[in-house]
file target.cif (mmCIF, C-alpha atoms and all ligand atoms)
data_data
#
loop_
_atom_site.label_atom_id
_atom_site.label_comp_id
_atom_site.auth_asym_id
_atom_site.auth_seq_id
_atom_site.Cartn_x
_atom_site.Cartn_y
_atom_site.Cartn_z
CA MET A 251 0.00 0.00 0.00
CA SER A 252 2.76 2.43 0.85
CA GLU A 253 6.52 2.47 0.46
CA LEU A 254 9.20 3.86 2.75
CA ARG A 255 12.31 5.36 1.20
CA PHE A 256 15.27 6.61 3.19
CA ASN A 257 16.36 10.12 2.22
CA GLU A 258 20.12 9.87 2.72
CA LEU A 259 20.86 13.58 2.48
CA ARG A 260 18.48 14.42 5.32
CA GLY A 261 18.83 11.13 7.15
CA GLU A 262 15.06 10.63 7.28
CA GLN A 263 12.30 8.36 6.06
CA VAL A 264 9.79 9.50 3.43
CA ASP A 265 6.49 7.61 3.18
CA TYR A 266 4.94 7.21 -0.29
CA ALA A 267 1.20 6.59 0.09
CA ILE A 268 0.07 7.44 -3.43
CA HIS A 269 -3.46 6.03 -3.00
CA ARG A 270 -4.10 9.00 -0.68
CA GLN A 271 -4.54 11.20 -3.77
CA GLU A 272 -7.99 9.62 -4.11
CA ARG A 273 -9.21 10.56 -0.63
CA THR A 274 -12.46 12.40 -0.04
CA PHE A 275 -11.79 16.11 -0.34
CA LEU A 276 -14.00 18.61 1.53
CA PRO A 277 -17.37 16.90 0.87
CA THR A 278 -20.61 18.78 1.50
CA ARG A 279 -22.09 18.05 4.92
CA GLU A 280 -24.73 15.76 3.31
CA HIS A 281 -21.86 13.56 2.09
CA CYS A 282 -19.73 13.70 5.24
CA PRO A 283 -18.22 10.19 5.70
CA LEU A 284 -17.72 10.78 9.46
CA CYS A 285 -21.36 11.54 10.24
CA PRO A 286 -23.51 8.67 11.54
CA THR A 287 -25.47 6.60 9.01
CA ARG A 288 -28.98 8.05 9.29
CA PRO A 289 -31.96 5.75 8.68
CA GLY A 290 -32.70 5.87 4.95
CA GLY A 291 -29.55 7.90 4.29
CA ALA A 292 -26.35 6.93 2.51
CA GLU A 293 -23.94 4.64 4.38
CA THR A 294 -21.04 6.51 5.98
CA GLU A 295 -17.85 5.14 7.57
CA ILE A 296 -19.85 4.64 10.76
CA PRO A 297 -22.81 2.23 10.31
CA PHE A 298 -24.79 3.47 13.32
CA PRO A 299 -27.54 6.10 13.60
CA ALA A 300 -25.73 7.70 16.58
CA PHE A 301 -22.44 7.23 18.41
CA GLU A 302 -20.21 8.80 21.05
CA ILE A 303 -16.62 8.25 19.87
CA ALA A 304 -15.66 6.09 16.87
CA VAL A 305 -12.25 4.64 15.97
CA PHE A 306 -11.54 2.79 12.73
CA ASP A 307 -8.76 2.10 10.24
CA ASN A 308 -8.13 4.97 7.87
CA ARG A 309 -9.46 4.07 4.41
CA PHE A 310 -6.56 6.04 2.96
CA PRO A 311 -3.74 4.89 5.23
CA ALA A 312 -0.22 6.27 5.36
CA PHE A 313 0.92 3.12 7.20
CA THR A 314 -0.64 -0.37 7.27
CA SER A 315 0.08 -3.60 9.13
CA PRO A 316 2.68 -5.12 9.25
CA GLY A 317 4.37 -1.78 8.54
CA GLY A 318 2.53 0.38 11.08
CA ALA A 319 -1.04 1.66 11.50
CA SER A 320 -3.31 4.55 10.48
CA GLU A 321 -6.53 5.13 12.41
CA VAL A 322 -9.23 7.79 12.49
CA VAL A 323 -10.76 8.93 15.80
CA VAL A 324 -14.11 10.69 15.43
CA TYR A 325 -14.82 12.76 18.55
CA THR A 326 -18.61 12.98 18.26
CA ASP A 327 -21.51 12.40 15.87
CA ASP A 328 -22.19 16.15 15.87
CA HIS A 329 -20.78 17.48 12.59
CA ASP A 330 -20.49 21.05 13.90
CA ALA A 331 -18.80 20.37 17.25
CA SER A 332 -15.11 20.69 18.09
CA LEU A 333 -12.76 19.41 20.78
CA GLY A 334 -13.45 22.57 22.78
CA SER A 335 -17.24 22.39 22.46
CA LEU A 336 -17.66 18.73 23.50
CA PRO A 337 -19.36 18.06 26.85
CA ALA A 338 -16.61 17.69 29.50
CA GLU A 339 -17.40 13.97 30.02
CA ARG A 340 -17.03 13.29 26.30
CA ALA A 341 -13.66 15.04 26.20
CA GLU A 342 -12.63 12.96 29.20
CA SER A 343 -13.76 9.77 27.40
CA LEU A 344 -11.61 10.80 24.46
CA MET A 345 -8.53 10.71 26.74
CA TRP A 346 -9.39 7.10 27.65
CA VAL A 347 -9.87 6.22 23.96
CA TRP A 348 -6.46 7.72 23.15
CA ARG A 349 -4.96 5.81 26.08
CA HIS A 350 -6.50 2.56 24.83
CA ARG A 351 -5.16 3.08 21.30
CA TYR A 352 -1.69 3.97 22.65
CA LEU A 353 -1.62 0.71 24.61
CA GLU A 354 -3.04 -1.49 21.87
CA LEU A 355 -1.04 -0.09 18.94
CA GLY A 356 2.06 0.30 21.11
CA ALA A 357 1.97 -3.41 21.98
CA ARG A 358 2.38 -4.31 18.28
CA ALA A 359 5.84 -5.36 17.10
CA ASP A 360 5.50 -3.20 13.95
CA VAL A 361 4.72 0.02 15.87
CA ASP A 362 7.68 1.88 17.38
CA TYR A 363 5.88 5.17 17.93
CA VAL A 364 2.18 5.88 18.48
CA PHE A 365 1.43 9.39 17.28
CA ILE A 366 -1.98 10.85 18.09
CA PHE A 367 -2.71 14.13 16.35
CA GLU A 368 -5.37 16.46 15.01
CA ASN A 369 -5.25 18.75 12.02
CA ARG A 370 -7.83 21.50 12.35
CA GLY A 371 -8.79 23.89 9.55
CA VAL A 372 -8.22 24.02 5.80
CA GLU A 373 -5.11 26.13 6.54
CA VAL A 374 -3.36 22.95 7.70
CA GLY A 375 -4.78 20.76 4.94
CA VAL A 376 -7.91 19.35 6.54
CA THR A 377 -10.04 17.44 4.01
CA LEU A 378 -12.99 16.65 6.33
CA HIS A 379 -14.55 19.21 8.67
CA HIS A 380 -16.25 16.73 10.99
CA PRO A 381 -14.39 16.89 14.36
CA HIS A 382 -11.83 14.12 14.35
CA GLY A 383 -8.21 13.29 14.90
CA GLN A 384 -5.88 10.62 13.64
CA ILE A 385 -3.37 8.11 14.94
CA TYR A 386 -0.30 6.92 13.09
CA GLY A 387 1.64 3.93 14.33
CA TYR A 388 5.11 4.47 12.89
CA PRO A 389 7.25 1.41 12.20
CA PHE A 390 10.28 3.51 13.22
CA LEU A 391 11.08 6.34 15.65
CA PRO A 392 10.26 9.61 13.80
CA PRO A 393 12.68 12.59 13.91
CA VAL A 394 10.70 14.88 16.28
CA PRO A 395 10.43 12.41 19.18
CA ALA A 396 14.05 11.44 18.48
CA LEU A 397 15.04 15.11 18.92
CA GLU A 398 13.20 15.20 22.25
CA LEU A 399 15.15 12.15 23.44
CA ALA A 400 18.33 13.93 22.35
CA ALA A 401 17.20 16.94 24.44
CA ASP A 402 16.85 14.64 27.46
CA ALA A 403 20.42 13.47 26.93
CA ARG A 404 21.68 17.06 26.44
CA LEU A 405 19.95 18.33 29.59
CA GLY A 406 20.96 15.31 31.63
CA GLY A 407 17.41 14.23 32.53
CA CYS A 408 13.84 14.71 31.36
CA ALA A 409 13.75 17.80 29.10
CA SER A 410 10.01 18.30 29.63
CA CYS A 411 10.43 18.33 33.43
CA GLU A 412 13.33 20.78 33.15
CA LEU A 413 11.58 23.11 30.66
CA LEU A 414 8.37 23.05 32.70
CA ALA A 415 10.34 24.12 35.79
CA ARG A 416 11.92 26.96 33.79
CA GLU A 417 8.54 28.12 32.47
CA LEU A 418 6.99 28.09 35.96
CA ASP A 419 10.01 30.01 37.24
CA ALA A 420 9.73 32.67 34.52
CA GLY A 421 5.92 32.72 34.67
CA THR A 422 5.61 35.18 31.78
CA ARG A 423 4.62 32.60 29.17
CA VAL A 424 2.24 30.44 31.25
CA VAL A 425 -1.30 30.59 29.84
CA TYR A 426 -3.08 27.86 31.84
CA GLU A 427 -2.58 26.13 35.20
CA SER A 428 -4.39 23.45 37.13
CA GLU A 429 -3.30 21.09 39.87
CA GLN A 430 -2.10 18.52 37.33
CA ILE A 431 -1.36 20.50 34.13
CA VAL A 432 0.49 23.59 32.89
CA GLY A 433 0.01 25.23 29.50
CA TYR A 434 2.54 27.71 28.13
CA VAL A 435 3.90 29.34 25.01
CA PRO A 436 7.44 27.96 24.98
CA TYR A 437 10.48 30.21 25.43
CA ALA A 438 11.64 29.51 21.86
CA ALA A 439 8.28 28.89 20.17
CA ARG A 440 8.39 28.49 16.39
CA TRP A 441 4.79 29.61 15.80
CA ALA A 442 3.25 32.87 17.06
CA TYR A 443 0.63 31.12 19.18
CA GLU A 444 2.36 27.79 19.74
CA ALA A 445 1.36 26.27 23.08
CA HIS A 446 2.47 23.21 25.01
CA VAL A 447 0.22 21.46 27.50
CA VAL A 448 2.40 19.51 29.94
CA MET A 449 1.66 17.11 32.79
CA ARG A 450 3.22 18.43 36.01
CA ALA A 451 4.12 14.89 37.08
CA HIS A 452 6.56 12.90 34.98
CA ARG A 453 4.19 10.61 33.10
CA PRO A 454 5.73 8.83 30.11
CA SER A 455 2.35 8.33 28.43
CA LEU A 456 -1.43 8.43 28.82
CA ALA A 457 -1.14 4.86 30.13
CA ALA A 458 0.80 6.13 33.17
CA CYS A 459 -1.74 8.83 34.10
CA GLU A 460 -4.13 8.68 37.03
CA PRO A 461 -7.85 9.08 36.20
CA ASP A 462 -7.90 12.61 37.67
CA GLU A 463 -4.94 13.54 35.46
CA LEU A 464 -6.79 12.39 32.34
CA ARG A 465 -9.81 14.45 33.41
CA ALA A 466 -7.55 17.46 34.00
CA LEU A 467 -5.88 16.94 30.63
CA ALA A 468 -9.25 16.98 28.83
CA ALA A 469 -10.18 20.18 30.68
CA ALA A 470 -6.87 21.84 29.76
CA LEU A 471 -7.17 20.93 26.07
CA GLN A 472 -10.73 22.22 25.97
CA ALA A 473 -9.80 25.47 27.73
CA LEU A 474 -6.94 26.06 25.31
CA GLN A 475 -9.04 25.34 22.23
CA ARG A 476 -11.80 27.65 23.40
CA GLY A 477 -9.19 30.31 24.08
CA TYR A 478 -7.75 29.86 20.59
CA ASP A 479 -11.21 30.29 19.06
CA ALA A 480 -11.77 33.41 21.19
CA LEU A 481 -8.42 34.90 20.15
CA PHE A 482 -9.55 36.15 16.72
CA GLU A 483 -13.22 35.22 17.14
CA ARG A 484 -12.99 32.55 14.47
CA PRO A 485 -12.33 28.79 14.40
CA PHE A 486 -8.60 28.65 14.99
CA PRO A 487 -6.59 26.30 12.78
CA TYR A 488 -3.80 24.23 14.28
CA VAL A 489 -1.89 21.01 14.28
CA MET A 490 -2.14 19.25 17.66
CA ALA A 491 0.66 16.75 18.35
CA ILE A 492 0.64 14.37 21.31
CA HIS A 493 4.13 13.33 22.35
CA GLN A 494 4.59 10.25 24.52
CA ALA A 495 7.23 7.62 25.19
CA PRO A 496 8.10 5.51 22.14
CA THR A 497 6.80 1.94 22.21
CA VAL A 498 10.07 0.29 21.22
CA THR A 499 11.76 -2.63 22.99
CA PRO A 500 13.79 -2.09 25.12
CA ALA A 501 11.65 0.75 26.48
CA LEU A 502 12.57 4.44 26.10
CA ASP A 503 11.35 7.23 28.37
CA GLY A 504 9.14 10.17 27.49
CA HIS A 505 7.01 12.82 29.19
CA LEU A 506 3.43 13.17 28.01
CA HIS A 507 2.76 16.61 26.55
CA ILE A 508 0.66 18.07 23.79
CA GLU A 509 1.99 20.65 21.36
CA PHE A 510 -0.18 22.99 19.30
CA TYR A 511 1.21 24.56 16.13
CA PRO A 512 -1.20 27.23 14.85
CA PRO A 513 -0.29 28.77 11.48
CA LEU A 514 -2.08 32.11 12.12
CA ARG A 515 0.02 35.17 12.99
CA THR A 516 -3.00 37.51 13.00
CA ALA A 517 -6.72 37.02 12.31
CA GLU A 518 -5.99 36.86 8.56
CA LYS A 519 -2.27 36.36 8.13
CA LEU A 520 -0.71 32.91 7.88
CA LYS A 521 2.84 31.98 8.68
CA TYR A 522 4.31 30.16 5.68
CA LEU A 523 7.34 27.94 5.89
CA ALA A 524 9.59 29.64 3.35
CA GLY A 525 13.29 29.98 2.51
CA SER A 526 14.83 30.11 5.95
CA GLU A 527 12.49 27.54 7.49
CA GLN A 528 12.60 25.06 4.59
CA GLY A 529 16.05 25.62 3.18
CA ALA A 530 18.03 26.28 6.33
CA GLY A 531 15.78 24.89 9.06
CA THR A 532 15.64 28.15 11.02
CA PHE A 533 12.32 29.70 11.99
CA ILE A 534 12.04 33.48 11.74
CA SER A 535 9.26 34.82 13.96
CA ASP A 536 7.83 38.33 14.02
CA THR A 537 6.16 37.97 17.40
CA LEU A 538 7.61 37.44 20.89
CA PRO A 539 6.37 34.41 22.88
CA GLU A 540 5.82 36.58 26.01
CA GLU A 541 3.49 38.93 24.08
CA SER A 542 1.55 36.10 22.39
CA ALA A 543 1.25 34.38 25.77
CA ALA A 544 -0.30 37.50 27.33
CA THR A 545 -2.87 37.71 24.51
CA LEU A 546 -3.62 33.99 24.62
CA ARG A 547 -3.90 33.95 28.44
CA GLU A 548 -6.47 36.74 28.21
CA ALA A 549 -8.41 34.88 25.46
CA ILE A 550 -8.49 31.67 27.55
CA ALA A 551 -9.86 33.63 30.52
CA ARG A 552 -12.46 35.28 28.26
CA ALA A 553 -13.58 31.91 26.81
CA ARG A 554 -13.95 30.19 30.19
ZN ZN B 601 -20.01 15.01 9.58
ZN ZN B 602 9.53 14.53 32.83
ZN ZN B 603 7.04 17.43 22.16
#
call {"tool": "encode", "arguments": {"input": "target.cif", "output": "C-alpha cells"}}
result
Amino acid sequence: MSELRFNELRGEQVDYAIHRQERTFLPTREHCPLCPTRPGGAETEIPFPAFEIAVFDNRFPAFTSPGGASEVVVYTDDHDASLGSLPAERAESLMWVWRHRYLELGARADVDYVFIFENRGVEVGVTLHHPHGQIYGYPFLPPVPALELAADARLGGCASCELLARELDAGTRVVYESEQIVGYVPYAARWAYEAHVVMRAHRPSLAACEPDELRALAAALQALQRGYDALFERPFPYVMAIHQAPTVTPALDGHLHIEFYPPLRTAEKLKYLAGSEQGAGTFISDTLPEESAATLREAIARAR
C-alpha cells in the first residue's frame, strides 16, 4: 500500500502513500463520511444512527500492518462540534480512547511510535470538517520524538520536566494552570501562538496517568481550544501533536505533553514555511512568545 524510502541527504524516512490522492476532499455536509449513518440515508464510515466516539482504520492509510497503522478517531456524531465544544465527560472519554489506542497499537511489534494528532482547519490541509483526529503507528522512531530524546540526553534528565520548571520560574509565558497540568507558550516557540500542554508529574504516556490527570488533561485541552477560538473570534486552525514515550523494545522514556502549532500570525495572516524555514531549518518569527502568551492567556480567561 505504501513504500518507505530513506532520504540519505536528510537522514530521514519519506512515506509514499500514493493512493491518498484519491481521498475524499471537503465533501458537503450531506456527504460527510464521518457523520452517523442516518436511517434511509447513505452509508457513511460509521454504520450506526448515533455514536459517542468512533475509531476505525483509515481508508486512505499512510501506514498499514505489518508496517505500522493509520486510524481515524471521530470525537462525536455532531458534525459542527469541536474538541473545545464537547461536553466535559465526552472530552474525558476521548482521553481514555487515546490511552486505549496507545496501549493497543504500542503493543504491536510493527509500531515503534504511536502518534496521536489532530489537524484542524483548511489552513493545515484538513479534508474533512467533521471533528476528528488521527493516529499513526510508525514502524520507526520519527525525527521529532528522536530530537526530544536527544534533548533529554543534552539536559541530563527529562527535558520536559526541566523546561516546565523553567517556564513556571519565569511565569511570563504560562497561559493555563491546574493542579495537574500547565500550558505555556514555549520560550523559543516556532509559531506565534504555539502552546504546550504539559503534565506536572513525569508521566511517560497516557497509560501512566491517574484518572484525575486524564480528566484534568481533557479540561486543559478544551480550555486552550476555546481560548484559541476566542483569540480572533474565528475557528482557529492548528496542528495538535501528542508526544509520549516511544513503544520500542527495550523501552525508552518520554514525558506526556501536547503541542499545538497554529499557522495564524494575525486574524488573517498565515505563517508560511519559506526559505529560511525550509532551506536552512531556522524559523524566523515576528512575534515574541511573552506577548503572544499574554494575549492567549487573556483569550483563555475570556472563553472560560
Ligand atoms: Zn459530519
Ligand atoms: Zn519529565
Ligand atoms: Zn514534544
call {"tool": "residues_around", "arguments": {"input": "target.cif", "residues": "Pro500 (chain A)", "least_positions_apart": "4", "cutoff": "12 Å", "atoms": "all atoms listed in the file", "output": "list in words"}}
result
Ala359, Asp362, Ala495 and Pro496 of chain A
call {"tool": "closest_atom_pairs", "arguments": {"input": "target.cif", "of": "region 429-449 of chain A", "to": "region 460-477 of chain A", "cutoff": "12 Å", "atoms": "only C-alpha atoms", "output": "CSV"}}
result
residue,atom,partner,partner_atom,distance
A:Glu429,CA,A:Ala466,CA,8.1
A:Gln430,CA,A:Glu463,CA,6.0
A:Ile431,CA,A:Leu467,CA,6.7
A:Val432,CA,A:Ala470,CA,8.2
A:Gly433,CA,A:Ala470,CA,7.7
A:Tyr434,CA,A:Leu474,CA,10.0
A:Val435,CA,A:Leu474,CA,11.3
A:Tyr443,CA,A:Leu474,CA,11.0
A:Glu444,CA,A:Leu474,CA,11.0
A:Ala445,CA,A:Leu474,CA,8.6
A:His446,CA,A:Leu474,CA,9.8
A:Val447,CA,A:Ala470,CA,7.5
A:Val448,CA,A:Leu467,CA,8.7
A:Met449,CA,A:Leu467,CA,7.8
call {"tool": "residues_near_ligand", "arguments": {"input": "target.cif", "ligand": "ligand ZN 601 (chain B)", "cutoff": "6 Å", "atoms": "all atoms listed in the file", "output": "mmCIF file with C-alpha atoms, keeping the file's coordinate frame"}}
result
data_model
loop_
_atom_site.group_PDB
_atom_site.id
_atom_site.type_symbol
_atom_site.label_atom_id
_atom_site.label_comp_id
_atom_site.auth_asym_id
_atom_site.auth_seq_id
_atom_site.Cartn_x
_atom_site.Cartn_y
_atom_site.Cartn_z
ATOM 1 C CA ARG A 279 -22.090 18.050 4.920
ATOM 2 C CA CYS A 282 -19.730 13.700 5.240
ATOM 3 C CA LEU A 284 -17.720 10.780 9.460
ATOM 4 C CA CYS A 285 -21.360 11.540 10.240
ATOM 5 C CA HIS A 329 -20.780 17.480 12.590
ATOM 6 C CA HIS A 380 -16.250 16.730 10.990
#
call {"tool": "residues_around", "arguments": {"input": "target.cif", "residues": "region 408-411 of chain A", "least_positions_apart": "6", "cutoff": "8 Å", "atoms": "only C-alpha atoms", "output": "number ranges by chain"}}
result
A: 398, 401-402, 448, 450, 452, 504-505
call {"tool": "residues_around", "arguments": {"input": "target.cif", "residues": "Phe275 (chain A)", "least_positions_apart": "3", "cutoff": "12 Å", "atoms": "all atoms listed in the file", "output": "compact mmCIF listing (two decimals) with C-alpha atoms, keeping the file's coordinate frame"}}
result
# COMPACT_ATOMS: atom_id res chain seq x y z
CA ARG A 270 -4.10 9.00 -0.68
CA GLN A 271 -4.54 11.20 -3.77
CA GLU A 272 -7.99 9.62 -4.11
CA THR A 278 -20.61 18.78 1.50
CA ARG A 279 -22.09 18.05 4.92
CA HIS A 281 -21.86 13.56 2.09
CA CYS A 282 -19.73 13.70 5.24
CA PRO A 283 -18.22 10.19 5.70
CA PHE A 310 -6.56 6.04 2.96
CA VAL A 372 -8.22 24.02 5.80
CA GLY A 375 -4.78 20.76 4.94
CA VAL A 376 -7.91 19.35 6.54
CA THR A 377 -10.04 17.44 4.01
CA LEU A 378 -12.99 16.65 6.33
CA HIS A 379 -14.55 19.21 8.67
call {"tool": "residues_near_ligand", "arguments": {"input": "target.cif", "ligand": "ligand ZN 603 (chain B)", "cutoff": "9 Å", "atoms": "only C-alpha atoms and all ligand atoms", "output": "list in words"}}
result
Val394, Pro395, Leu397, Glu398, Ser410, His446, Ala491, Ile492, His493, Gln494, His505, Leu506, His507, Ile508 and Glu509 of chain A
call {"tool": "axis_aligned_box", "arguments": {"input": "target.cif", "around": "region 349-360 of chain A", "padding_each_side": "3 Å", "output": "lines of an AutoDock Vina configuration file"}}
result
center_x = -0.3
center_y = 0.2
center_z = 20.0
size_x = 18.3
size_y = 17.2
size_z = 18.1
call {"tool": "residues_around", "arguments": {"input": "target.cif", "residues": "Ser315 (chain A)", "least_positions_apart": "5", "cutoff": "9 Å", "atoms": "all atoms listed in the file", "output": "PyMOL selection string"}}
result
chain A and resi 320+360-361
call {"tool": "write_last_selection", "arguments": {"input": "target.cif", "atoms": "C-alpha atoms", "output": "PDB file, in the frame of the given file"}}
result
ATOM      1  CA  SER A 320      -3.310   4.550  10.480  1.00  0.00           C
ATOM      2  CA  ASP A 360       5.500  -3.200  13.950  1.00  0.00           C
ATOM      3  CA  VAL A 361       4.720   0.020  15.870  1.00  0.00           C
TER       4      VAL A 361
END
call {"tool": "atom_distance", "arguments": {"input": "target.cif", "atom1": "CA of Ile366 (chain A)", "atom2": "CA of Val324 (chain A)"}}
result
12.4 Å
call {"tool": "closest_residue", "arguments": {"input": "target.cif", "among": "A:Thr497, A:Thr537, A:Ser542, A:Ser455", "to": "ligand ZN 602 (chain B)", "atoms": "all atoms listed in the file"}}
result
A:Ser455
call {"tool": "closest_residue", "arguments": {"input": "target.cif", "among": "A:His269, A:Arg453, A:Arg423, A:Arg404", "to": "ligand ZN 602 (chain B)", "atoms": "only C-alpha atoms and all ligand atoms"}}
result
A:Arg453
call {"tool": "closest_residue", "arguments": {"input": "target.cif", "among": "A:Glu541, A:Glu368, A:Asp479, A:Glu527", "to": "Phe510 (chain A)", "atoms": "all atoms listed in the file"}}
result
A:Glu368
call {"tool": "residues_around", "arguments": {"input": "target.cif", "residues": "Gly318 (chain A)", "least_positions_apart": "2", "cutoff": "12 Å", "atoms": "all atoms listed in the file", "output": "number ranges by chain"}}
result
A: 251-254, 265, 307, 311-316, 320-321, 355-365, 385-391
call {"tool": "atom_distance", "arguments": {"input": "target.cif", "atom1": "CA of Ala501 (chain A)", "atom2": "CA of Gln263 (chain A)"}}
result
21.8 Å
call {"tool": "atom_distance", "arguments": {"input": "target.cif", "atom1": "CA of Glu483 (chain A)", "atom2": "CA of Glu518 (chain A)"}}
result
11.3 Å
call {"tool": "residues_near_point", "arguments": {"input": "target.cif", "point": "(6.1, 34.4, 26.0)", "cutoff": "9 Å", "atoms": "all atoms listed in the file", "output": "VMD selection string"}}
result
chain A and resid 421 to 424 434 to 439 538 to 544
call {"tool": "closest_residue", "arguments": {"input": "target.cif", "among": "A:Leu336, A:Leu481, A:Leu514, A:Leu520", "to": "Glu548 (chain A)", "atoms": "only C-alpha atoms"}}
result
A:Leu481
call {"tool": "closest_residue", "arguments": {"input": "target.cif", "among": "A:Lys521, A:Pro487, A:Ser428, A:Phe482", "to": "Thr545 (chain A)", "atoms": "all atoms listed in the file"}}
result
A:Phe482
call {"tool": "closest_residue", "arguments": {"input": "target.cif", "among": "A:Gln384, A:Ser332, A:Thr499, A:Thr326", "to": "Phe306 (chain A)", "atoms": "only C-alpha atoms"}}
result
A:Gln384
call {"tool": "residues_near_point", "arguments": {"input": "target.cif", "point": "(-16.4, 14.8, 25.6)", "cutoff": "10 Å", "atoms": "all atoms listed in the file", "output": "PyMOL selection string"}}
result
chain A and resi 302-303+325-326+332-345+468-469+472
call {"tool": "decode", "arguments": {"input": "target.cif", "residues": "region 396-403 of chain A", "atoms": "all heavy atoms", "output": "PDB file, in the first residue's frame"}}
result
ATOM      1  N   ALA A 396      12.615  11.742  18.326  1.00  0.00           N
ATOM      2  CA  ALA A 396      14.047  11.437  18.482  1.00  0.00           C
ATOM      3  C   ALA A 396      14.799  12.681  18.963  1.00  0.00           C
ATOM      4  O   ALA A 396      15.694  12.589  19.818  1.00  0.00           O
ATOM      5  CB  ALA A 396      14.627  10.928  17.167  1.00  0.00           C
ATOM      6  N   LEU A 397      14.407  13.855  18.457  1.00  0.00           N
ATOM      7  CA  LEU A 397      15.036  15.108  18.917  1.00  0.00           C
ATOM      8  C   LEU A 397      14.753  15.349  20.392  1.00  0.00           C
ATOM      9  O   LEU A 397      15.602  15.863  21.131  1.00  0.00           O
ATOM     10  CB  LEU A 397      14.492  16.300  18.111  1.00  0.00           C
ATOM     11  CG  LEU A 397      15.029  16.477  16.695  1.00  0.00           C
ATOM     12  CD1 LEU A 397      14.235  17.552  15.962  1.00  0.00           C
ATOM     13  CD2 LEU A 397      16.514  16.846  16.736  1.00  0.00           C
ATOM     14  N   GLU A 398      13.535  14.993  20.833  1.00  0.00           N
ATOM     15  CA  GLU A 398      13.200  15.195  22.250  1.00  0.00           C
ATOM     16  C   GLU A 398      14.014  14.263  23.146  1.00  0.00           C
ATOM     17  O   GLU A 398      14.408  14.652  24.248  1.00  0.00           O
ATOM     18  CB  GLU A 398      11.685  15.035  22.459  1.00  0.00           C
ATOM     19  CG  GLU A 398      10.919  16.121  21.712  1.00  0.00           C
ATOM     20  CD  GLU A 398       9.450  16.214  22.079  1.00  0.00           C
ATOM     21  OE1 GLU A 398       8.918  15.275  22.700  1.00  0.00           O
ATOM     22  OE2 GLU A 398       8.829  17.243  21.734  1.00  0.00           O
ATOM     23  N   LEU A 399      14.282  13.053  22.669  1.00  0.00           N
ATOM     24  CA  LEU A 399      15.146  12.150  23.438  1.00  0.00           C
ATOM     25  C   LEU A 399      16.575  12.698  23.481  1.00  0.00           C
ATOM     26  O   LEU A 399      17.258  12.603  24.498  1.00  0.00           O
ATOM     27  CB  LEU A 399      15.129  10.747  22.817  1.00  0.00           C
ATOM     28  CG  LEU A 399      13.828   9.964  23.035  1.00  0.00           C
ATOM     29  CD1 LEU A 399      13.773   8.753  22.124  1.00  0.00           C
ATOM     30  CD2 LEU A 399      13.682   9.534  24.489  1.00  0.00           C
ATOM     31  N   ALA A 400      16.999  13.313  22.374  1.00  0.00           N
ATOM     32  CA  ALA A 400      18.333  13.926  22.346  1.00  0.00           C
ATOM     33  C   ALA A 400      18.389  15.105  23.324  1.00  0.00           C
ATOM     34  O   ALA A 400      19.417  15.340  23.973  1.00  0.00           O
ATOM     35  CB  ALA A 400      18.670  14.382  20.928  1.00  0.00           C
ATOM     36  N   ALA A 401      17.257  15.833  23.466  1.00  0.00           N
ATOM     37  CA  ALA A 401      17.201  16.943  24.435  1.00  0.00           C
ATOM     38  C   ALA A 401      17.329  16.412  25.859  1.00  0.00           C
ATOM     39  O   ALA A 401      17.994  17.023  26.706  1.00  0.00           O
ATOM     40  CB  ALA A 401      15.898  17.722  24.264  1.00  0.00           C
ATOM     41  N   ASP A 402      16.705  15.262  26.135  1.00  0.00           N
ATOM     42  CA  ASP A 402      16.845  14.640  27.463  1.00  0.00           C
ATOM     43  C   ASP A 402      18.323  14.373  27.745  1.00  0.00           C
ATOM     44  O   ASP A 402      18.820  14.665  28.839  1.00  0.00           O
ATOM     45  CB  ASP A 402      16.096  13.291  27.524  1.00  0.00           C
ATOM     46  CG  ASP A 402      14.586  13.432  27.453  1.00  0.00           C
ATOM     47  OD1 ASP A 402      14.080  14.565  27.579  1.00  0.00           O
ATOM     48  OD2 ASP A 402      13.905  12.407  27.258  1.00  0.00           O
ATOM     49  N   ALA A 403      18.996  13.821  26.753  1.00  0.00           N
ATOM     50  CA  ALA A 403      20.420  13.474  26.932  1.00  0.00           C
ATOM     51  C   ALA A 403      21.236  14.756  27.136  1.00  0.00           C
ATOM     52  O   ALA A 403      22.105  14.825  28.009  1.00  0.00           O
ATOM     53  CB  ALA A 403      20.917  12.694  25.720  1.00  0.00           C
TER      54      ALA A 403
END
